[in-house]
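Undergrad: One structure, as structure tokens, below. Some questions next.
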Amino acid sequence: MDALTGLLEGPRARGAFMIRACFDPPWAIRVEDEAPLTVMLVVRGAAWILPDRGDRLRLGPGDLAFARGPDPYTCADAPGTAPQALILPGGECHYPDGRPLNGVMDLGVRTWGDRPDGGTVLLIGTYQMRGEIGGRLLDALPPLLSLTADVWDCPLTPLLTEEVVRDAPGQEVVLDRLLDLLVITALRAWFARPEAQPPAWYRARADPVVGPVLRLLQDHPAHPWTVAALAAKAGVSRAALARRFTELVGEPPMTYLTGWRLALAADRLRDTDDTIGAIARQVGYGSAFALSTAFKRTYGVSPQDWRTRPA
């Protein structure tokens with residue numbers, strides 16, 4: 001498994017919120033849904049994304065943006081437009097004063113806004129639970145990022161435009177998989193851009209010493225690795241490996257391995273019905289107790305609580 005595959009294998013939407021939003025200016029929507037990740041693809045017209053903190057972003061036709069939650073933001077035709085609607089957790093929609101919209105802006109199957117042929121058309125997909133997106137992927141992303149049409153031509157736009165409004169058996173599953181594919185395809189393109197700011201460990205994959213060590217840790221987390229064993233694989237001394245790994249990745253090899261093992265465990269607790277003992281063995285811990293101790297130290301809750309609490 002290469003580093004990018006390890007990073008992108010996480011997206012697994014389950015009943016994701018997908019909609020075709022159609023507006024005529026002036027329009028503005030305030031988003032406070034706390035979703036871990038939202039994807040916005042402009043089919044027609046233009047839109048501004050205005051986070052409460054950080055730089056604003058303008059999107060034109062064919063442009064795509066990711067907004068990483070839970071921070072709120074406003075999506076509008078122009079920076080000064082006052083919001084007309086408020087999106088809350090679970091896709092609940094209200095007027096800005098708190099009154100429920102009660103379907104006022106519904107335009108048909110997964111279509112919402114002013115009129116179906118509005119001047120601005122957006123395809124919006126939202127992962128509603130953090131467990132659907134690997135924590136390492138979310139941590140690797142800035143709060144807001146975009147891919148413009150001049151650097152990336154989204155091959156999925158025609159298919160998404162057609163499928164999002166289709167009402168057919170199993171359609172939610174189709175849309176979930178299309179959203180996953182869109183995210184993976186777009187992030188693969190974004191990570192390849194010179195201006196992208198991937199995590200230090202991702203950049204370190206190209207290093208002739210640290211890169212192979214990272215692949216060993218990612219591919220075989222259950223192996224009883226030591227710095228000495230990793231250094232022998234890399235053909236350098238323990239001190240040289242520890243120094244170079246820490247310099248490029250930002251933490252020592254064993255600290256990185258612990259974080260990777262616990263991230264895998266966190267995802268598997270949500271994605272599988274495997275026992276905690278089985279997951280412990282899969283990620284390199286000798287017992288459920290050992291995993292539970294390390295997991296609670298890092299995540300603040302036990303593996304069982306992590307599995308059962310709302311994502």
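Naming works like this for the structure tokens: A, B, ... for the chains as they're shown, residue 1 at the start of each chain, ligands 1 onward in shown order.
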Would you list, as JSON, numbers by chain, the residues of range 8-203 of chain A that end up in strand (DSSP E) under DSSP run on this structure's backbone?
TA: {"A": [17, 18, 19, 20, 21, 22, 23, 28, 29, 30, 31, 37, 38, 39, 40, 41, 42, 43, 44, 47, 48, 49, 50, 51, 57, 58, 59, 64, 65, 66, 67, 68, 73, 74, 75, 76, 85, 86, 87, 88, 92, 93, 94, 106, 107, 108, 111, 112, 113, 120, 121, 122, 123, 124, 125, 126, 127, 144, 145, 146, 147]}
Undergrad: List the neighbours of range 195-205 of chain A out to 7 Å using only C-alpha atoms; skip same-chain residues closer than 5 positions along the sequence, and give me the result as a list in words.
TA: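 Residues meeting the cut-off are Ala3, Ala140, Trp190, Val210, Gly211, Leu214, Leu248, Val249 and Gly250 of chain A.
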Undergrad: Could you pull out the alpha helix (DSSP H) residues of range 127-300 of chain A from DSSP and send them as a VMD selection string?
TA: chain A and resid 135 to 140 157 to 163 171 to 191 200 to 203 210 to 219 227 to 234 238 to 249 253 to 271 276 to 283 288 to 299
Undergrad: Return the single residue from A:Gly119, A:Gly103, A:Pro212, A:Gly108 that is closest to Ala47 in chain A, with distances computed using only C-alpha atoms.
TA: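 Among the listed residues, the smallest separation from Ala47 in chain A belongs to A:Gly119.
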Undergrad: Report as a list of chain:residue names all protein, DNA and RNA residues lying within 9 Å of Cys154 in chain A, evaluated on only C-alpha atoms, omitting residues in the same chain fewer than 3 positions from it.
TA: A:Gly62, A:Asp63, A:Leu64, A:Ala149, A:Thr157, A:Pro158, A:Leu182, A:Thr185, A:Ala186
Undergrad: From the list A:Leu181, A:Ala239, A:Leu138, A:Ala189, which residue is nearest Trp152 in chain A when using only C-alpha atoms?
TA: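 With only C-alpha atoms as the atom set, the closest residue is A:Ala189.
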Undergrad: Record the distance separating CA of Leu216 in chain A and CA of Leu241 in chain A, expressed in Å with one decimal.
TA: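 CA of Leu216 in chain A sits 13.7 Å away from CA of Leu241 in chain A.
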Undergrad: Need the shell around Gly54 in chain A: protein/DNA/RNA residues with any atom at most 12 Å away, counting only C-alpha atoms. Skip same-chain ones fewer than 6 positions apart. Format as a PyMOL selection string?
TA: chain A and resi 67+71-73+142-145
Undergrad: Quick one: of A:Val43, A:Ala192, A:Cys75, A:Val227, who's nearest to Gly118 in chain A, counting only C-alpha atoms?
TA: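 Closest to Gly118 in chain A of all the choices is A:Val43.
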Undergrad: List the spatial neighbours of Val39 in chain A as a ChimeraX atom specification - criterion: any atom at most 6 Å away, only C-alpha atoms, same-chain residues fewer than 6 positions off excluded.
TA: /A:65-66,124-125
Undergrad: Keeping only C-alpha atoms, take the residues you just selected and write them out as a PDB file, in the first residue's frame.
TA:
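Listed below is the output, part00.pdb:
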```
ATOM      1  CA  ALA A  65     -14.312  22.773  -2.866  1.00  0.00           C
ATOM      2  CA  PHE A  66     -14.012  20.784   0.347  1.00  0.00           C
ATOM      3  CA  ILE A 124     -23.378  19.149  -2.608  1.00  0.00           C
ATOM      4  CA  GLY A 125     -22.365  15.973  -0.823  1.00  0.00           C
TER       5      GLY A 125
END
```
Undergrad: Quick check, in Å to one decimal: how far apart do CA of Arg110 in chain A and CA of Val164 in chain A lie?
TA: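 Computed distance, CA of Arg110 in chain A to CA of Val164 in chain A, equals 6.5 Å.
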